[in-house]
$ cat my_file-v2.pdb   # PDB, C-alpha atoms, pLDDT in the B column
ATOM      1  CA  GLU A   1      42.184  75.835 103.027  1.00 92.00           C
ATOM      2  CA  GLN A   2      45.951  76.374 102.895  1.00 90.00           C
ATOM      3  CA  ASP A   3      45.898  76.719  99.106  1.00 92.00           C
ATOM      4  CA  ARG A   4      44.127  80.040  99.636  1.00 94.00           C
ATOM      5  CA  ILE A   5      47.033  81.429 101.664  1.00 95.00           C
ATOM      6  CA  VAL A   6      49.123  83.660  99.394  1.00 96.00           C
ATOM      7  CA  GLY A   7      51.716  85.034 101.840  1.00 97.00           C
ATOM      8  CA  ILE A   8      53.084  84.459 105.341  1.00 96.00           C
ATOM      9  CA  SER A   9      55.214  86.095 108.029  1.00 95.00           C
ATOM     10  CA  ALA A  10      58.800  85.100 108.736  1.00 93.00           C
ATOM     11  CA  TYR A  11      57.584  83.523 111.989  1.00 89.00           C
ATOM     12  CA  THR A  12      55.355  80.979 110.257  1.00 91.00           C
ATOM     13  CA  VAL A  13      56.774  77.516 110.936  1.00 88.00           C
ATOM     14  CA  ARG A  14      53.650  75.344 111.065  1.00 87.00           C
ATOM     15  CA  PRO A  15      52.991  73.385 108.951  1.00 87.00           C
ATOM     16  CA  PRO A  16      56.594  72.896 107.692  1.00 87.00           C
ATOM     17  CA  GLU A  17      55.590  73.123 104.032  1.00 89.00           C
ATOM     18  CA  ALA A  18      54.233  76.643 104.520  1.00 88.00           C
ATOM     19  CA  LYS A  19      57.706  78.167 104.598  1.00 87.00           C
ATOM     20  CA  ARG A  20      58.683  76.201 101.522  1.00 89.00           C
ATOM     21  CA  ASP A  21      55.621  77.049  99.436  1.00 89.00           C
ATOM     22  CA  LYS A  22      54.527  80.543 100.525  1.00 94.00           C
ATOM     23  CA  PRO A  23      56.336  83.878 100.064  1.00 95.00           C
ATOM     24  CA  VAL A  24      57.400  85.703 103.224  1.00 96.00           C
ATOM     25  CA  VAL A  25      55.992  89.232 103.145  1.00 97.00           C
ATOM     26  CA  SER A  26      56.312  90.373 106.755  1.00 96.00           C
ATOM     27  CA  ALA A  27      58.149  90.013 110.017  1.00 93.00           C
ATOM     28  CA  PHE A  28      56.049  90.242 113.185  1.00 89.00           C
ATOM     29  CA  VAL A  29      55.934  93.951 113.902  1.00 92.00           C
ATOM     30  CA  ASP A  30      56.112  95.208 110.327  1.00 95.00           C
ATOM     31  CA  GLY A  31      55.853  94.014 106.746  1.00 96.00           C
ATOM     32  CA  SER A  32      56.260  95.043 103.140  1.00 96.00           C
ATOM     33  CA  LEU A  33      53.220  96.937 101.892  1.00 96.00           C
ATOM     34  CA  GLU A  34      54.384  96.484  98.323  1.00 96.00           C
ATOM     35  CA  LYS A  35      54.793  92.709  98.632  1.00 97.00           C
ATOM     36  CA  ILE A  36      51.475  92.280 100.436  1.00 97.00           C
ATOM     37  CA  ARG A  37      49.576  94.461  97.996  1.00 96.00           C
ATOM     38  CA  ALA A  38      51.119  92.610  95.036  1.00 97.00           C
ATOM     39  CA  LEU A  39      49.515  89.390  96.291  1.00 97.00           C
ATOM     40  CA  GLU A  40      46.056  91.000  95.936  1.00 96.00           C
ATOM     41  CA  PRO A  41      44.725  89.393  99.138  1.00 97.00           C
ATOM     42  CA  ASP A  42      41.000  89.300  99.860  1.00 96.00           C
ATOM     43  CA  LEU A  43      41.873  89.474 103.552  1.00 97.00           C
ATOM     44  CA  VAL A  44      44.936  90.124 105.686  1.00 97.00           C
ATOM     45  CA  ILE A  45      44.884  88.445 109.106  1.00 96.00           C
ATOM     46  CA  GLY A  46      47.133  89.724 111.870  1.00 95.00           C
ATOM     47  CA  TYR A  47      47.604  89.279 115.586  1.00 94.00           C
ATOM     48  CA  SER A  48      47.956  91.627 118.572  1.00 92.00           C
ATOM     49  CA  ASP A  49      48.290  95.332 119.176  1.00 92.00           C
ATOM     50  CA  VAL A  50      51.991  95.022 118.292  1.00 91.00           C
ATOM     51  CA  GLN A  51      50.887  94.923 114.647  1.00 94.00           C
ATOM     52  CA  ALA A  52      48.708  98.038 114.945  1.00 95.00           C
ATOM     53  CA  ASP A  53      50.993 100.219 112.820  1.00 96.00           C
ATOM     54  CA  LEU A  54      51.251  97.568 110.103  1.00 96.00           C
ATOM     55  CA  ALA A  55      47.476  97.108 110.140  1.00 97.00           C
ATOM     56  CA  ALA A  56      46.950 100.864 109.818  1.00 97.00           C
ATOM     57  CA  LYS A  57      49.357 101.001 106.871  1.00 97.00           C
ATOM     58  CA  LEU A  58      47.476  98.222 105.100  1.00 97.00           C
ATOM     59  CA  ILE A  59      44.092  99.790 105.822  1.00 97.00           C
ATOM     60  CA  ARG A  60      45.264 103.113 104.376  1.00 97.00           C
ATOM     61  CA  ALA A  61      46.204 101.141 101.250  1.00 97.00           C
ATOM     62  CA  ASN A  62      42.550 100.004 101.082  1.00 97.00           C
ATOM     63  CA  LEU A  63      43.268  96.397 102.024  1.00 97.00           C
ATOM     64  CA  PRO A  64      40.766  94.501 104.214  1.00 97.00           C
ATOM     65  CA  VAL A  65      42.392  93.676 107.553  1.00 97.00           C
ATOM     66  CA  LEU A  66      41.359  91.500 110.512  1.00 97.00           C
ATOM     67  CA  VAL A  67      43.527  91.704 113.647  1.00 97.00           C
ATOM     68  CA  LEU A  68      42.792  89.160 116.372  1.00 96.00           C
ATOM     69  CA  GLN A  69      43.737  89.467 120.051  1.00 95.00           C
ATOM     70  CA  GLN A  70      43.298  85.951 121.452  1.00 97.00           C
ATOM     71  CA  HIS A  71      44.902  85.693 124.886  1.00 97.00           C
ATOM     72  CA  THR A  72      43.170  82.730 126.532  1.00 98.00           C
ATOM     73  CA  VAL A  73      42.586  79.125 125.526  1.00 98.00           C
ATOM     74  CA  GLU A  74      38.900  79.870 124.974  1.00 98.00           C
ATOM     75  CA  GLU A  75      39.765  82.838 122.758  1.00 98.00           C
ATOM     76  CA  ILE A  76      42.109  80.637 120.707  1.00 98.00           C
ATOM     77  CA  LEU A  77      39.200  78.284 120.060  1.00 98.00           C
ATOM     78  CA  ASP A  78      36.961  81.246 119.192  1.00 98.00           C
ATOM     79  CA  ALA A  79      39.579  82.502 116.719  1.00 98.00           C
ATOM     80  CA  ILE A  80      39.633  79.117 114.973  1.00 98.00           C
ATOM     81  CA  LEU A  81      35.848  79.199 114.641  1.00 98.00           C
ATOM     82  CA  LEU A  82      35.962  82.760 113.310  1.00 98.00           C
ATOM     83  CA  VAL A  83      38.581  81.968 110.673  1.00 96.00           C
ATOM     84  CA  GLY A  84      36.657  78.826 109.735  1.00 97.00           C
ATOM     85  CA  SER A  85      33.565  80.931 109.194  1.00 97.00           C
ATOM     86  CA  LEU A  86      35.449  83.468 107.081  1.00 95.00           C
ATOM     87  CA  VAL A  87      36.666  80.761 104.689  1.00 95.00           C
ATOM     88  CA  ASP A  88      33.263  79.043 104.649  1.00 96.00           C
ATOM     89  CA  ARG A  89      34.453  75.965 106.544  1.00 97.00           C
ATOM     90  CA  ARG A  90      32.297  76.322 109.649  1.00 97.00           C
ATOM     91  CA  GLY A  91      31.681  72.596 110.023  1.00 98.00           C
ATOM     92  CA  ALA A  92      35.354  71.706 109.721  1.00 97.00           C
ATOM     93  CA  ALA A  93      36.272  74.420 112.224  1.00 98.00           C
ATOM     94  CA  ARG A  94      33.685  73.176 114.729  1.00 98.00           C
ATOM     95  CA  GLU A  95      34.989  69.622 114.342  1.00 98.00           C
ATOM     96  CA  LEU A  96      38.557  70.823 114.859  1.00 97.00           C
ATOM     97  CA  VAL A  97      37.620  72.763 117.983  1.00 98.00           C
ATOM     98  CA  ALA A  98      35.704  69.772 119.358  1.00 98.00           C
ATOM     99  CA  GLY A  99      38.850  67.674 118.988  1.00 98.00           C
ATOM    100  CA  TYR A 100      40.920  70.284 120.812  1.00 98.00           C
ATOM    101  CA  ARG A 101      38.368  70.440 123.634  1.00 98.00           C
ATOM    102  CA  THR A 102      38.634  66.678 124.024  1.00 98.00           C
ATOM    103  CA  ARG A 103      42.430  66.924 124.314  1.00 97.00           C
ATOM    104  CA  LEU A 104      42.117  69.707 126.891  1.00 98.00           C
ATOM    105  CA  ASP A 105      39.533  67.759 128.906  1.00 97.00           C
ATOM    106  CA  GLU A 106      41.740  64.670 128.912  1.00 97.00           C
ATOM    107  CA  ALA A 107      44.707  66.700 130.174  1.00 97.00           C
ATOM    108  CA  ARG A 108      42.506  68.247 132.871  1.00 97.00           C
ATOM    109  CA  ALA A 109      41.400  64.783 134.006  1.00 96.00           C
ATOM    110  CA  ARG A 110      45.009  63.592 134.231  1.00 96.00           C
ATOM    111  CA  THR A 111      45.864  66.641 136.333  1.00 95.00           C
ATOM    112  CA  GLU A 112      42.917  66.108 138.677  1.00 93.00           C
ATOM    113  CA  ALA A 113      44.109  62.550 139.244  1.00 91.00           C
ATOM    114  CA  ALA A 114      47.735  63.544 139.842  1.00 88.00           C
ATOM    115  CA  ALA A 115      49.216  63.359 143.329  1.00 83.00           C
ATOM    116  CA  ARG A 116      51.338  66.494 142.998  1.00 87.00           C
ATOM    117  CA  ARG A 117      51.404  69.827 141.187  1.00 94.00           C
ATOM    118  CA  PRO A 118      54.847  71.434 140.929  1.00 97.00           C
ATOM    119  CA  ARG A 119      55.162  75.214 141.190  1.00 98.00           C
ATOM    120  CA  VAL A 120      56.159  76.538 137.764  1.00 98.00           C
ATOM    121  CA  TYR A 121      57.844  79.726 136.571  1.00 98.00           C
ATOM    122  CA  PHE A 122      57.461  80.317 132.830  1.00 98.00           C
ATOM    123  CA  GLU A 123      59.904  82.889 131.436  1.00 98.00           C
ATOM    124  CA  GLU A 124      59.016  84.533 128.136  1.00 97.00           C
ATOM    125  CA  TRP A 125      61.832  87.109 128.134  1.00 97.00           C
ATOM    126  CA  PRO A 126      65.021  87.564 130.193  1.00 97.00           C
ATOM    127  CA  ASP A 127      65.480  91.351 130.318  1.00 95.00           C
ATOM    128  CA  PRO A 128      63.187  92.613 131.661  1.00 96.00           C
ATOM    129  CA  LEU A 129      61.854  89.370 133.082  1.00 98.00           C
ATOM    130  CA  LEU A 130      58.465  88.533 131.582  1.00 98.00           C
ATOM    131  CA  CYS A 131      56.270  85.652 132.703  1.00 98.00           C
ATOM    132  CA  GLY A 132      53.955  83.728 130.387  1.00 97.00           C
ATOM    133  CA  GLY A 133      50.634  85.128 129.172  1.00 96.00           C
ATOM    134  CA  GLY A 134      47.083  83.918 129.602  1.00 97.00           C
ATOM    135  CA  TRP A 135      46.954  80.797 127.427  1.00 98.00           C
ATOM    136  CA  VAL A 136      50.436  79.739 128.569  1.00 98.00           C
ATOM    137  CA  SER A 137      49.426  79.901 132.227  1.00 98.00           C
ATOM    138  CA  GLU A 138      46.206  77.999 131.496  1.00 98.00           C
ATOM    139  CA  LEU A 139      48.067  75.267 129.625  1.00 98.00           C
ATOM    140  CA  VAL A 140      50.599  74.962 132.462  1.00 98.00           C
ATOM    141  CA  ALA A 141      47.680  74.346 134.820  1.00 97.00           C
ATOM    142  CA  LEU A 142      46.073  71.818 132.476  1.00 97.00           C
ATOM    143  CA  ALA A 143      49.418  70.024 132.153  1.00 97.00           C
ATOM    144  CA  GLY A 144      49.703  69.575 135.897  1.00 97.00           C
ATOM    145  CA  GLY A 145      51.577  72.615 137.193  1.00 97.00           C
ATOM    146  CA  ASP A 146      50.804  75.663 139.319  1.00 97.00           C
ATOM    147  CA  ASP A 147      51.950  78.857 137.597  1.00 98.00           C
ATOM    148  CA  VAL A 148      53.605  80.973 140.305  1.00 98.00           C
ATOM    149  CA  PHE A 149      52.679  84.120 138.342  1.00 98.00           C
ATOM    150  CA  ALA A 150      49.119  83.164 137.442  1.00 98.00           C
ATOM    151  CA  ASP A 151      48.103  86.557 138.867  1.00 97.00           C
ATOM    152  CA  ARG A 152      50.117  88.361 136.174  1.00 97.00           C
ATOM    153  CA  ALA A 153      49.249  86.107 133.238  1.00 97.00           C
ATOM    154  CA  PRO A 154      45.884  87.734 132.398  1.00 97.00           C
ATOM    155  CA  SER A 155      47.606  90.997 131.406  1.00 96.00           C
ATOM    156  CA  ARG A 156      47.392  91.489 127.657  1.00 93.00           C
ATOM    157  CA  LYS A 157      50.249  93.974 127.781  1.00 92.00           C
ATOM    158  CA  ALA A 158      53.800  92.745 128.296  1.00 91.00           C
ATOM    159  CA  THR A 159      54.366  95.502 130.852  1.00 93.00           C
ATOM    160  CA  GLY A 160      51.711  93.898 133.047  1.00 96.00           C
ATOM    161  CA  ARG A 161      53.642  90.628 133.028  1.00 97.00           C
ATOM    162  CA  GLN A 162      56.988  92.022 134.153  1.00 98.00           C
ATOM    163  CA  VAL A 163      58.353  90.321 137.252  1.00 98.00           C
ATOM    164  CA  THR A 164      61.415  90.939 139.360  1.00 98.00           C
ATOM    165  CA  SER A 165      64.244  88.607 140.234  1.00 97.00           C
ATOM    166  CA  GLU A 166      63.299  88.973 143.890  1.00 98.00           C
ATOM    167  CA  GLU A 167      59.707  87.907 143.169  1.00 98.00           C
ATOM    168  CA  VAL A 168      60.908  84.760 141.414  1.00 98.00           C
ATOM    169  CA  ARG A 169      63.094  83.904 144.404  1.00 98.00           C
ATOM    170  CA  GLU A 170      60.222  84.547 146.820  1.00 98.00           C
ATOM    171  CA  ARG A 171      57.753  82.378 144.889  1.00 98.00           C
ATOM    172  CA  ALA A 172      60.288  79.529 144.799  1.00 98.00           C
ATOM    173  CA  PRO A 173      59.258  77.664 141.626  1.00 98.00           C
ATOM    174  CA  GLN A 174      60.136  73.979 141.500  1.00 98.00           C
ATOM    175  CA  VAL A 175      60.235  73.963 137.693  1.00 98.00           C
ATOM    176  CA  MET A 176      61.382  76.703 135.324  1.00 98.00           C
ATOM    177  CA  LEU A 177      60.145  76.688 131.749  1.00 98.00           C
ATOM    178  CA  ALA A 178      61.758  79.076 129.289  1.00 98.00           C
ATOM    179  CA  SER A 179      60.704  80.166 125.840  1.00 97.00           C
ATOM    180  CA  TRP A 180      62.358  83.421 124.865  1.00 95.00           C
ATOM    181  CA  CYS A 181      60.281  85.048 122.168  1.00 87.00           C
ATOM    182  CA  GLY A 182      62.395  85.357 119.038  1.00 79.00           C
ATOM    183  CA  LYS A 183      65.711  83.995 120.303  1.00 87.00           C
ATOM    184  CA  ALA A 184      67.205  80.809 121.711  1.00 91.00           C
ATOM    185  CA  PHE A 185      67.192  80.288 125.462  1.00 96.00           C
ATOM    186  CA  ASP A 186      70.614  80.410 127.139  1.00 96.00           C
ATOM    187  CA  PRO A 187      70.634  77.891 130.027  1.00 96.00           C
ATOM    188  CA  ALA A 188      73.660  79.599 131.584  1.00 97.00           C
ATOM    189  CA  VAL A 189      71.743  82.796 132.285  1.00 97.00           C
ATOM    190  CA  PRO A 190      69.258  81.849 135.075  1.00 97.00           C
ATOM    191  CA  PRO A 191      71.830  80.194 137.397  1.00 97.00           C
ATOM    192  CA  ALA A 192      74.034  83.296 137.112  1.00 97.00           C
ATOM    193  CA  ARG A 193      71.337  85.625 138.449  1.00 97.00           C
ATOM    194  CA  GLU A 194      71.884  86.870 141.968  1.00 96.00           C
ATOM    195  CA  GLY A 195      70.385  84.547 144.554  1.00 97.00           C
ATOM    196  CA  TRP A 196      68.880  82.165 142.022  1.00 98.00           C
ATOM    197  CA  GLU A 197      71.108  79.288 143.105  1.00 97.00           C
ATOM    198  CA  ALA A 198      68.631  78.824 145.967  1.00 96.00           C
ATOM    199  CA  VAL A 199      65.577  78.712 143.696  1.00 98.00           C
ATOM    200  CA  PRO A 200      64.382  75.072 143.801  1.00 98.00           C
ATOM    201  CA  ALA A 201      64.127  74.779 140.000  1.00 98.00           C
ATOM    202  CA  ILE A 202      67.720  75.983 139.572  1.00 98.00           C
ATOM    203  CA  ARG A 203      69.067  74.026 142.548  1.00 97.00           C
ATOM    204  CA  ASP A 204      67.479  70.783 141.346  1.00 97.00           C
ATOM    205  CA  GLY A 205      68.270  71.255 137.653  1.00 97.00           C
ATOM    206  CA  ARG A 206      64.628  71.423 136.594  1.00 98.00           C
ATOM    207  CA  VAL A 207      65.015  74.092 133.911  1.00 98.00           C
ATOM    208  CA  HIS A 208      63.550  73.304 130.495  1.00 98.00           C
ATOM    209  CA  GLU A 209      63.305  75.162 127.199  1.00 97.00           C
ATOM    210  CA  ILE A 210      60.137  74.916 125.110  1.00 97.00           C
ATOM    211  CA  ASP A 211      60.165  75.876 121.427  1.00 95.00           C
ATOM    212  CA  SER A 212      58.423  79.247 121.119  1.00 93.00           C
ATOM    213  CA  ALA A 213      56.657  78.073 117.944  1.00 92.00           C
ATOM    214  CA  ILE A 214      54.606  75.579 119.948  1.00 95.00           C
ATOM    215  CA  ILE A 215      53.827  77.660 123.023  1.00 96.00           C
ATOM    216  CA  LEU A 216      54.078  81.416 122.391  1.00 95.00           C
ATOM    217  CA  GLN A 217      51.887  81.447 119.284  1.00 94.00           C
ATOM    218  CA  PRO A 218      48.266  81.342 120.499  1.00 96.00           C
ATOM    219  CA  GLY A 219      46.939  78.849 117.998  1.00 95.00           C
ATOM    220  CA  PRO A 220      46.650  75.120 117.265  1.00 95.00           C
ATOM    221  CA  GLY A 221      50.321  74.407 117.990  1.00 95.00           C
ATOM    222  CA  ALA A 222      49.948  75.497 121.609  1.00 97.00           C
ATOM    223  CA  LEU A 223      46.903  73.274 122.087  1.00 98.00           C
ATOM    224  CA  THR A 224      48.651  70.205 120.674  1.00 97.00           C
ATOM    225  CA  ALA A 225      52.459  70.058 120.608  1.00 97.00           C
ATOM    226  CA  GLY A 226      52.731  72.768 123.262  1.00 98.00           C
ATOM    227  CA  LEU A 227      50.443  71.012 125.709  1.00 98.00           C
ATOM    228  CA  ASP A 228      52.180  67.695 124.998  1.00 98.00           C
ATOM    229  CA  ALA A 229      55.583  69.254 125.757  1.00 98.00           C
ATOM    230  CA  LEU A 230      54.320  70.755 129.011  1.00 98.00           C
ATOM    231  CA  GLU A 231      52.848  67.453 130.143  1.00 97.00           C
ATOM    232  CA  ALA A 232      56.045  65.558 129.297  1.00 97.00           C
ATOM    233  CA  ILE A 233      58.014  67.907 131.556  1.00 97.00           C
ATOM    234  CA  LEU A 234      55.586  68.433 134.411  1.00 97.00           C
ATOM    235  CA  ARG A 235      54.482  64.811 134.757  1.00 92.00           C
ATOM    236  CA  ALA A 236      58.039  63.441 134.651  1.00 86.00           C
TER     237      ALA A 236
END
$ encode --input "my_file-v2.pdb" --output "structure tokens"
Amino acid sequence: EQDRIVGISAYTVRPPEAKRDKPVVSAFVDGSLEKIRALEPDLVIGYSDVQADLAAKLIRANLPVLVLQQHTVEEILDAILLVGSLVDRRGAARELVAGYRTRLDEARARTEAAARRPRVYFEEWPDPLLCGGGWVSELVALAGGDDVFADRAPSRKATGRQVTSEEVRERAPQVMLASWCGKAFDPAVPPAREGWEAVPAIRDGRVHEIDSAIILQPGPGALTAGLDALEAILRA
């Protein structure tokens, strides 16, 4: 139903033609009320509490707003079904979700058959250090790794996912995955941190960047290209 989309955020990169064909009317945290209102949308869909102020601004302008908070793989699938229902494509949404479940099950089976599961540290932000959230941790596990901060991943607030440099050293990840939200990863930064030269992932050169568009956005990209990227790294 992409023809019914009248405006996008600056962070929309999938599918590629979206950025070419649709006007950008917002960033992530905020957006232009005037530009959004001019599009006369029947519905504005947002994501996360970070957009609460923008949502409130749109609601005060009498626009209908739906803000989703998916944080787990199951909630991503639920969000797809909800959006499918809203655009009267319930059958197509169910078929799509069934296909994603098959992909997830196949990855799970490959992991269960694997001889080893490397310890993985996923870094979402460098200062303060933030580990990956719920769906990221789940996908790491499905792709064959053990998230060393799986205990922090369920936190829906970034503050709950802050980790210390000492904790990373203590948990000794064998693989480091980095996807800095909103900016390019600098591979020179982790090795320069105090004591990190002894971290197995740094010592052995197993540090990999993953495009944030396919892992930090809790939607179809994470379940397809994101999972594929994780498997390619962790099963190497």
$ residues_around --input "my_file-v2.pdb" --residues "range 11-23 of chain A" --least-positions-apart "4" --cutoff "9 Å" --atoms "only C-alpha atoms" --output "list in words"
Gln2, Ile5, Val6, Gly7, Ala27, Phe28, Gly182, Ala213, Ile214 and Gly221 of chain A
$ resolve_selection --input "my_file-v2.pdb" --expression "the PyMOL selection byres ((chain A and resi 212) around 12)" --output "ChimeraX atom specification"
/A:11-14,122-125,132,136,177-185,209-211,213-219,221-222,225-226,229
$ residues_around --input "my_file-v2.pdb" --residues "Ala188 in chain A" --least-positions-apart "2" --cutoff "12 Å" --atoms "all atoms listed in the file" --output "PyMOL selection string"
chain A and resi 126+184-186+190-193+196-197+202+205+207-208
$ atom_distance --input "my_file-v2.pdb" --atom1 "CA of Arg90 in chain A" --atom2 "CA of Ala55 in chain A"
25.7 Å
$ resolve_selection --input "my_file-v2.pdb" --expression "the PyMOL selection byres ((chain A and resi 87) around 12)" --output "NGL selection string"
:A and (1-5 or 42-43 or 80-86 or 88-93)
$ write_last_selection --input "my_file-v2.pdb" --atoms "C-alpha atoms" --output "compact mmCIF listing (two decimals), keeping the file's coordinate frame"
# COMPACT_ATOMS: atom_id res chain seq x y z
CA GLU A 1 42.18 75.83 103.03
CA GLN A 2 45.95 76.37 102.90
CA ASP A 3 45.90 76.72 99.11
CA ARG A 4 44.13 80.04 99.64
CA ILE A 5 47.03 81.43 101.66
CA ASP A 42 41.00 89.30 99.86
CA LEU A 43 41.87 89.47 103.55
CA ILE A 80 39.63 79.12 114.97
CA LEU A 81 35.85 79.20 114.64
CA LEU A 82 35.96 82.76 113.31
CA VAL A 83 38.58 81.97 110.67
CA GLY A 84 36.66 78.83 109.74
CA SER A 85 33.56 80.93 109.19
CA LEU A 86 35.45 83.47 107.08
CA ASP A 88 33.26 79.04 104.65
CA ARG A 89 34.45 75.96 106.54
CA ARG A 90 32.30 76.32 109.65
CA GLY A 91 31.68 72.60 110.02
CA ALA A 92 35.35 71.71 109.72
CA ALA A 93 36.27 74.42 112.22
$ atom_distance --input "my_file-v2.pdb" --atom1 "CA of Leu63 in chain A" --atom2 "CA of Ile45 in chain A"
10.8 Å
$ residues_around --input "my_file-v2.pdb" --residues "Val25 in chain A" --least-positions-apart "6" --cutoff "10 Å" --atoms "only C-alpha atoms" --output "ChimeraX atom specification"
/A:6-10,31-37,39
$ residues_around --input "my_file-v2.pdb" --residues "Ala114 in chain A" --least-positions-apart "2" --cutoff "12 Å" --atoms "all atoms listed in the file" --output "PyMOL selection string"
chain A and resi 107-112+116-118+141-145+231+234-236
$ write_last_selection --input "my_file-v2.pdb" --atoms "C-alpha atoms" --output "PDB file, keeping the file's coordinate frame"
ATOM      1  CA  ALA A 107      44.707  66.700 130.174  1.00 97.00           C
ATOM      2  CA  ARG A 108      42.506  68.247 132.871  1.00 97.00           C
ATOM      3  CA  ALA A 109      41.400  64.783 134.006  1.00 96.00           C
ATOM      4  CA  ARG A 110      45.009  63.592 134.231  1.00 96.00           C
ATOM      5  CA  THR A 111      45.864  66.641 136.333  1.00 95.00           C
ATOM      6  CA  GLU A 112      42.917  66.108 138.677  1.00 93.00           C
ATOM      7  CA  ARG A 116      51.338  66.494 142.998  1.00 87.00           C
ATOM      8  CA  ARG A 117      51.404  69.827 141.187  1.00 94.00           C
ATOM      9  CA  PRO A 118      54.847  71.434 140.929  1.00 97.00           C
ATOM     10  CA  ALA A 141      47.680  74.346 134.820  1.00 97.00           C
ATOM     11  CA  LEU A 142      46.073  71.818 132.476  1.00 97.00           C
ATOM     12  CA  ALA A 143      49.418  70.024 132.153  1.00 97.00           C
ATOM     13  CA  GLY A 144      49.703  69.575 135.897  1.00 97.00           C
ATOM     14  CA  GLY A 145      51.577  72.615 137.193  1.00 97.00           C
ATOM     15  CA  GLU A 231      52.848  67.453 130.143  1.00 97.00           C
ATOM     16  CA  LEU A 234      55.586  68.433 134.411  1.00 97.00           C
ATOM     17  CA  ARG A 235      54.482  64.811 134.757  1.00 92.00           C
ATOM     18  CA  ALA A 236      58.039  63.441 134.651  1.00 86.00           C
TER      19      ALA A 236
END
$ resolve_selection --input "my_file-v2.pdb" --expression "the PyMOL selection byres ((chain A and resi 199) around 12)" --output "PyMOL selection string"
chain A and resi 119-121+165-176+190-198+200-207
$ atom_distance --input "my_file-v2.pdb" --atom1 "CA of Phe149 in chain A" --atom2 "CA of Gln51 in chain A"
26.1 Å
$ closest_residue --input "my_file-v2.pdb" --among "A:Leu129, A:Ile233, A:Leu96, A:Leu223" --to "Ile76 in chain A" --atoms "all atoms listed in the file"
A:Leu223
$ closest_residue --input "my_file-v2.pdb" --among "A:Lys157, A:Ser26, A:Leu139, A:Ala115" --to "Gln69 in chain A" --atoms "all atoms listed in the file"
A:Lys157
$ closest_residue --input "my_file-v2.pdb" --among "A:Val65, A:Leu77, A:Val148, A:Val189" --to "Glu95 in chain A" --atoms "only C-alpha atoms"
A:Leu77
$ closest_residue --input "my_file-v2.pdb" --among "A:Gly46, A:Gly134, A:Pro41, A:Gly99" --to "His71 in chain A" --atoms "all atoms listed in the file"
A:Gly134
$ residues_around --input "my_file-v2.pdb" --residues "range 159-163 of chain A" --least-positions-apart "5" --cutoff "7 Å" --atoms "all atoms listed in the file" --output "NGL selection string"
:A and (128-131 or 152-153)
$ closest_residue --input "my_file-v2.pdb" --among "A:Val73, A:Asp78, A:Leu54, A:Leu104" --to "Gly133 in chain A" --atoms "all atoms listed in the file"
A:Val73
$ closest_residue --input "my_file-v2.pdb" --among "A:Glu40, A:Asp228, A:Asp151, A:Asp30" --to "Ser137 in chain A" --atoms "all atoms listed in the file"
A:Asp151
$ axis_aligned_box --input "my_file-v2.pdb" --around "range 67-76 of chain A" --padding-each-side "8 Å" --output "AutoDock Vina command-line options"
--center_x 41.9 --center_y 85.4 --center_z 120.1 --size_x 22.0 --size_y 28.6 --size_z 28.9
